[in-house]
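Structure file model_37.csv (CSV, C-alpha atoms and all ligand atoms) follows.
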```csv
chain,number,residue,atom,x,y,z
S,97,MET,CA,58.5,-24.9,20.2
S,98,LYS,CA,61.0,-23.5,17.8
S,99,LYS,CA,61.5,-19.8,17.5
S,100,LYS,CA,60.4,-20.1,13.8
S,101,ASP,CA,57.1,-21.6,14.8
S,102,ILE,CA,56.3,-18.9,17.3
S,103,ILE,CA,57.0,-16.2,14.7
S,104,LEU,CA,54.7,-18.0,12.3
S,105,ILE,CA,51.9,-18.3,14.9
S,106,ILE,CA,52.2,-14.6,15.8
S,107,SER,CA,52.1,-13.6,12.1
S,108,ILE,CA,48.9,-15.6,11.6
S,109,ILE,CA,47.2,-14.0,14.6
S,110,ILE,CA,48.2,-10.5,13.4
S,111,ILE,CA,46.9,-11.2,9.9
S,112,ALA,CA,43.6,-12.6,11.4
S,113,ILE,CA,43.2,-9.5,13.6
S,114,ILE,CA,43.9,-7.1,10.7
S,115,SER,CA,41.5,-8.9,8.3
S,116,TYR,CA,38.8,-8.9,11.1
S,117,PHE,CA,39.1,-5.2,11.5
S,118,LEU,CA,39.1,-4.5,7.7
S,119,PHE,CA,36.0,-6.7,7.4
S,120,THR,CA,34.2,-5.0,10.3
S,121,LEU,CA,35.1,-1.5,9.1
S,122,GLY,CA,33.9,-2.3,5.6
S,123,LYS,CA,30.6,-3.9,6.6
S,124,ASN,CA,29.5,-2.2,9.7
S,125,GLU,CA,30.8,1.3,9.8
S,126,LYS,CA,28.0,3.8,10.4
S,127,GLY,CA,27.4,6.1,7.5
S,128,SER,CA,27.3,9.9,7.8
S,129,GLN,CA,25.2,11.0,4.8
S,130,VAL,CA,22.1,10.0,3.0
S,131,ILE,CA,22.0,10.3,-0.8
S,132,ILE,CA,18.7,10.1,-2.7
S,133,THR,CA,18.7,8.9,-6.3
S,134,VAL,CA,15.7,9.2,-8.5
S,135,ASP,CA,15.7,7.7,-12.0
S,136,GLY,CA,19.4,7.3,-11.9
S,137,THR,CA,20.2,10.9,-10.8
S,138,VAL,CA,21.3,12.0,-7.4
S,139,ILE,CA,18.8,14.7,-6.3
S,140,GLU,CA,19.6,15.3,-2.7
S,141,LYS,CA,22.3,14.6,-0.1
S,142,PHE,CA,21.5,15.0,3.6
S,143,ASN,CA,23.5,14.7,6.9
S,144,LEU,CA,22.4,11.5,8.6
S,145,TYR,CA,22.6,13.2,12.0
S,146,GLU,CA,20.3,16.1,11.3
S,147,ASP,CA,16.7,15.1,11.8
S,148,ARG,CA,14.3,16.0,8.9
S,149,GLU,CA,11.4,14.9,6.9
S,150,TYR,CA,11.7,15.1,3.1
S,151,THR,CA,9.2,14.2,0.3
S,152,ILE,CA,10.9,12.7,-2.7
S,153,LYS,CA,9.0,13.4,-5.8
S,154,ASN,CA,9.2,11.5,-9.1
S,155,GLY,CA,6.6,12.9,-11.5
S,156,ASP,CA,3.2,12.1,-9.9
S,157,HIS,CA,4.8,9.7,-7.4
S,158,TYR,CA,6.3,10.3,-4.0
S,159,ASN,CA,8.2,8.7,-1.1
S,160,ILE,CA,8.4,10.3,2.3
S,161,LEU,CA,11.8,10.0,3.9
S,162,THR,CA,12.6,10.7,7.5
S,163,ILE,CA,16.0,11.1,9.0
S,164,LYS,CA,15.9,10.6,12.8
S,165,ASP,CA,18.4,9.7,15.5
S,166,GLY,CA,21.0,8.7,12.9
S,167,TYR,CA,18.6,6.5,10.9
S,168,ALA,CA,17.0,6.9,7.5
S,169,ASP,CA,13.6,5.4,6.8
S,170,ILE,CA,10.8,5.6,4.3
S,171,ILE,CA,7.5,6.2,6.2
S,172,GLU,CA,5.1,6.6,3.4
S,173,ALA,CA,4.9,6.1,-0.4
S,174,ASP,CA,2.3,5.8,-3.1
S,175,CYS,CA,4.0,2.8,-4.8
S,176,PRO,CA,1.8,-0.4,-5.1
S,177,ASP,CA,4.1,-2.9,-3.3
S,178,LYS,CA,5.1,-0.7,-0.3
S,179,HIS,CA,8.4,-2.7,0.0
S,180,CYS,CA,10.3,0.5,0.7
S,181,VAL,CA,7.9,1.4,3.6
S,182,ASN,CA,8.2,-2.1,5.1
S,183,GLN,CA,12.0,-2.2,4.9
S,184,LYS,CA,13.7,-1.6,8.2
S,185,LYS,CA,15.5,1.8,8.8
S,186,ILE,CA,19.1,2.0,7.7
S,187,ASN,CA,22.2,3.6,9.2
S,188,LYS,CA,25.3,1.7,8.0
S,189,MET,CA,27.5,2.5,5.0
S,190,GLY,CA,26.3,0.9,1.8
S,191,GLU,CA,22.8,0.1,3.1
S,192,LYS,CA,20.0,1.0,0.8
S,193,ILE,CA,16.2,1.3,0.7
S,194,ILE,CA,15.0,0.8,-2.9
S,195,CYS,CA,11.6,1.7,-4.3
S,196,LEU,CA,11.5,0.0,-7.7
S,197,PRO,CA,8.0,1.3,-8.8
S,198,ASN,CA,9.1,5.0,-8.1
S,199,LYS,CA,12.7,4.4,-9.3
S,200,THR,CA,13.9,5.8,-6.0
S,201,ILE,CA,17.0,4.7,-4.0
S,202,ILE,CA,18.0,5.9,-0.5
S,203,GLU,CA,21.6,5.0,0.3
S,204,ILE,CA,23.9,5.6,3.2
S,205,ILE,CA,27.4,6.7,2.5
S,206,GLY,CA,30.5,7.8,4.5
S,207,ALA,CA,31.8,11.3,4.9
S,208,ASP,CA,34.8,11.0,2.7
S,209,GLU,CA,33.0,9.9,-0.5
S,210,SER,CA,33.3,13.1,-2.5
S,211,ASN,CA,32.7,11.6,-5.9
S,212,ILE,CA,28.9,11.9,-5.7
S,213,ASP,CA,28.8,14.7,-8.2
S,214,SER,CA,30.6,12.6,-10.8
S,215,ILE,CA,28.0,9.9,-10.3
S,216,ALA,CA,25.2,12.5,-10.9
S,217,ASN,CA,26.9,13.6,-14.2
S,301,ZN,ZN,8.0,1.8,-2.7
```

Could I get this structure in the form of structure tokens?
Amino acid sequence: MKKKDIILIISIIIIAIISYFLFTLGKNEKGSQVIITVDGTVIEKFNLYEDREYTIKNGDHYNILTIKDGYADIIEADCPDKHCVNQKKINKMGEKIICLPNKTIIEIIGADESNIDSIAN
């Protein structure tokens, strides 16, 4: 093999490894915070690693969120379809539990996303 070919092969391998890591980080990184959006407004932000139970209220409706062992989950709700309750618990950045009837969104975000307040406004 020529020296040029070896350099080309090494470059391709390096690019492949870098894109693999970028993809993995973007898709599978564990989040660190849970944000709760009701009717388009961020109402609460919790640490994903502090266990708690929280009742999200939207008028007469509610969803009960639990944060446990680094996962967020909806365990109870008064919506008719119960999609949010049946959805599996989430812990990765960008994952969401959405309750359409109650206009409630639970989303996992990373620690360095400090632009939450601007979304709320
Ligand atoms: Zn629901």

Kindly assemble as a Markdown table a list of the chain S residues that lie within 6 Å of ligand ZN 301 (chain S), each paired with its nearest atom pair and their distance in Å to one decimal, using all atoms listed in the file, sorted first by chain and then by ascending residue number.
```
| residue | atom | partner | partner_atom | distance |
| --- | --- | --- | --- | --- |
| S:Ala173 | CA | S:ZN301 | ZN | 5.8 |
| S:Cys175 | CA | S:ZN301 | ZN | 4.6 |
| S:Lys178 | CA | S:ZN301 | ZN | 4.5 |
| S:His179 | CA | S:ZN301 | ZN | 5.3 |
| S:Cys180 | CA | S:ZN301 | ZN | 4.3 |
| S:Cys195 | CA | S:ZN301 | ZN | 3.9 |
```

### Query
Around (17.6, 11.9, 14.7) in the file's frame, which residues reach within 7 Å when counting only C-alpha atoms? Return as a PyMOL selection string?
chain S and resi 145-147+163-167

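Separating atom CA of Gly206 of chain S from atom CA of Asp169 of chain S is a distance of 17.2 Å.
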
### Task
Would you mind telling me which residue in S:Lys184, S:His157, S:Lys199, S:Lys98 lies nearest to Thr137 of chain S when using all atoms listed in the file?
S:Lys199

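Within 12 Å of segment 105-120 of chain S there are Met97, Lys98, Lys99, Lys126, Lys188 and Met189 of chain S, counting all atoms listed in the file and ignoring same-chain residues fewer than 6 positions away.
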
How would the residues just chosen look if you wrote them out with C-alpha atoms as a CSV table (one decimal), in the frame of the given file?
```
chain,number,residue,atom,x,y,z
S,97,MET,CA,58.5,-24.9,20.2
S,98,LYS,CA,61.0,-23.5,17.8
S,99,LYS,CA,61.5,-19.8,17.5
S,126,LYS,CA,28.0,3.8,10.4
S,188,LYS,CA,25.3,1.7,8.0
S,189,MET,CA,27.5,2.5,5.0
```

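As for atom CA of Ile193 of chain S and atom CA of Ile170 of chain S, they are spaced 7.8 Å apart.
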
### Message
Give me the residues near Phe142 of chain S as a count of residues only, where near means some atom within 10 Å (using all atoms listed in the file) and where sequence neighbours in that chain fewer than 5 positions away do not count.
### Response
10

### Task
Mind giving me the straight-line distance from atom CA of Glu125 of chain S to atom CA of Leu144 of chain S in Å, one decimal?
13.3 Å

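Taking all atoms listed in the file into account, the residues near (16.8, 5.2, -14.9), no farther than 12 Å, are Thr133, Val134, Asp135, Gly136, Thr137, Val138, Asn154, Leu196, Pro197, Asn198, Lys199, Thr200, Ile201 and Ala216 of chain S.
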
Can I get the selection written as an mmCIF file, in the frame of the given file, with C-alpha atoms?
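Saved to part-v5.cif:
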```
data_model
loop_
_atom_site.group_PDB
_atom_site.id
_atom_site.type_symbol
_atom_site.label_atom_id
_atom_site.label_comp_id
_atom_site.auth_asym_id
_atom_site.auth_seq_id
_atom_site.Cartn_x
_atom_site.Cartn_y
_atom_site.Cartn_z
ATOM 1 C CA THR S 133 18.700 8.900 -6.300
ATOM 2 C CA VAL S 134 15.700 9.200 -8.500
ATOM 3 C CA ASP S 135 15.700 7.700 -12.000
ATOM 4 C CA GLY S 136 19.400 7.300 -11.900
ATOM 5 C CA THR S 137 20.200 10.900 -10.800
ATOM 6 C CA VAL S 138 21.300 12.000 -7.400
ATOM 7 C CA ASN S 154 9.200 11.500 -9.100
ATOM 8 C CA LEU S 196 11.500 0.000 -7.700
ATOM 9 C CA PRO S 197 8.000 1.300 -8.800
ATOM 10 C CA ASN S 198 9.100 5.000 -8.100
ATOM 11 C CA LYS S 199 12.700 4.400 -9.300
ATOM 12 C CA THR S 200 13.900 5.800 -6.000
ATOM 13 C CA ILE S 201 17.000 4.700 -4.000
ATOM 14 C CA ALA S 216 25.200 12.500 -10.900
#
```

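Closest approach to Ile160 of chain S among S:Ile139, S:Ile186, S:Lys192, S:Ile202 is made by S:Ile202 (distances from all atoms listed in the file).
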
### Pick from S:Gly190, S:Asp174, S:Asn182, S:Gly127 nearest to Asn143 of chain S, counting all atoms listed in the file
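Selected residue with least distance to Asn143 of chain S: S:Gly127.
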